[in-house]
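Worksheet: one structure, shown below.
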Amino acid sequence: ISQNLPVTCRMMTREEAAKISDTSKLPPDTGDMLRVVFVGEYDACPCIGKHVENTSQIGRFKITTWDWQPGRLRLRFKLEQGVAS
């Protein structure tokens with residue numbers, strides 16, 4: 001977060017997105033074009049939500065739960081009040 005990584009979005013076909021991100025949980029009626037959010041060179045994920053322009057805007061947060069499946073760590077978190085989303 002403190003590395004001030006850029007957060008950018010790019011439209012990609014579902015096929016292109018599947019090469020760089022797990023698209024298996026997307027609803028079948030999502031369509032062929034996806035909005036993929038990139039966090040620097042660290043992560044890429046299809047998403048329709050709001051995002052900051054860089055990671056330093058996130059501020060403090062608390063991890064609420066997590067789970068691990070081979071090859072995938074999933075974290076769930078809550079931002080502290082007053083932090084931009």
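By convention in this document, the chains of the structure tokens carry letters A, B, ... by their order, each chain's residues are numbered from 1, and ligands are numbered from 1 in the order they are shown.
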
Residues near A:Ser21, cut-off 8 Å, only C-alpha atoms, skip fewer than 6 positions along chain, as a PyMOL selection string: chain A and resi 44-46

Polymer residues at most 8 Å from A:Ser56, only C-alpha atoms, same-chain spacing of 5 or more positions, as a PyMOL selection string: chain A and resi 1-5

In Å, with one decimal, what is the gap from atom CA of A:Thr8 to atom CA of A:Gly71?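 A separation of 24.2 Å between them.
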
Where does DSSP see strand (DSSP E or B) in stretch 15-63 of chain A, if you list the residues as a PyMOL selection string? chain A and resi 33-39+43-46+54+61-63

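A straight line drawn from atom CA of A:Thr23 to atom CA of A:Arg60 is 28.4 Å long.
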
Quick one: of A:Lys19, A:Arg10, A:Arg76, A:Lys62, who's nearest to A:Cys47, counting only C-alpha atoms?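 Looking at the shortest contact to A:Cys47, the residue is A:Arg10.
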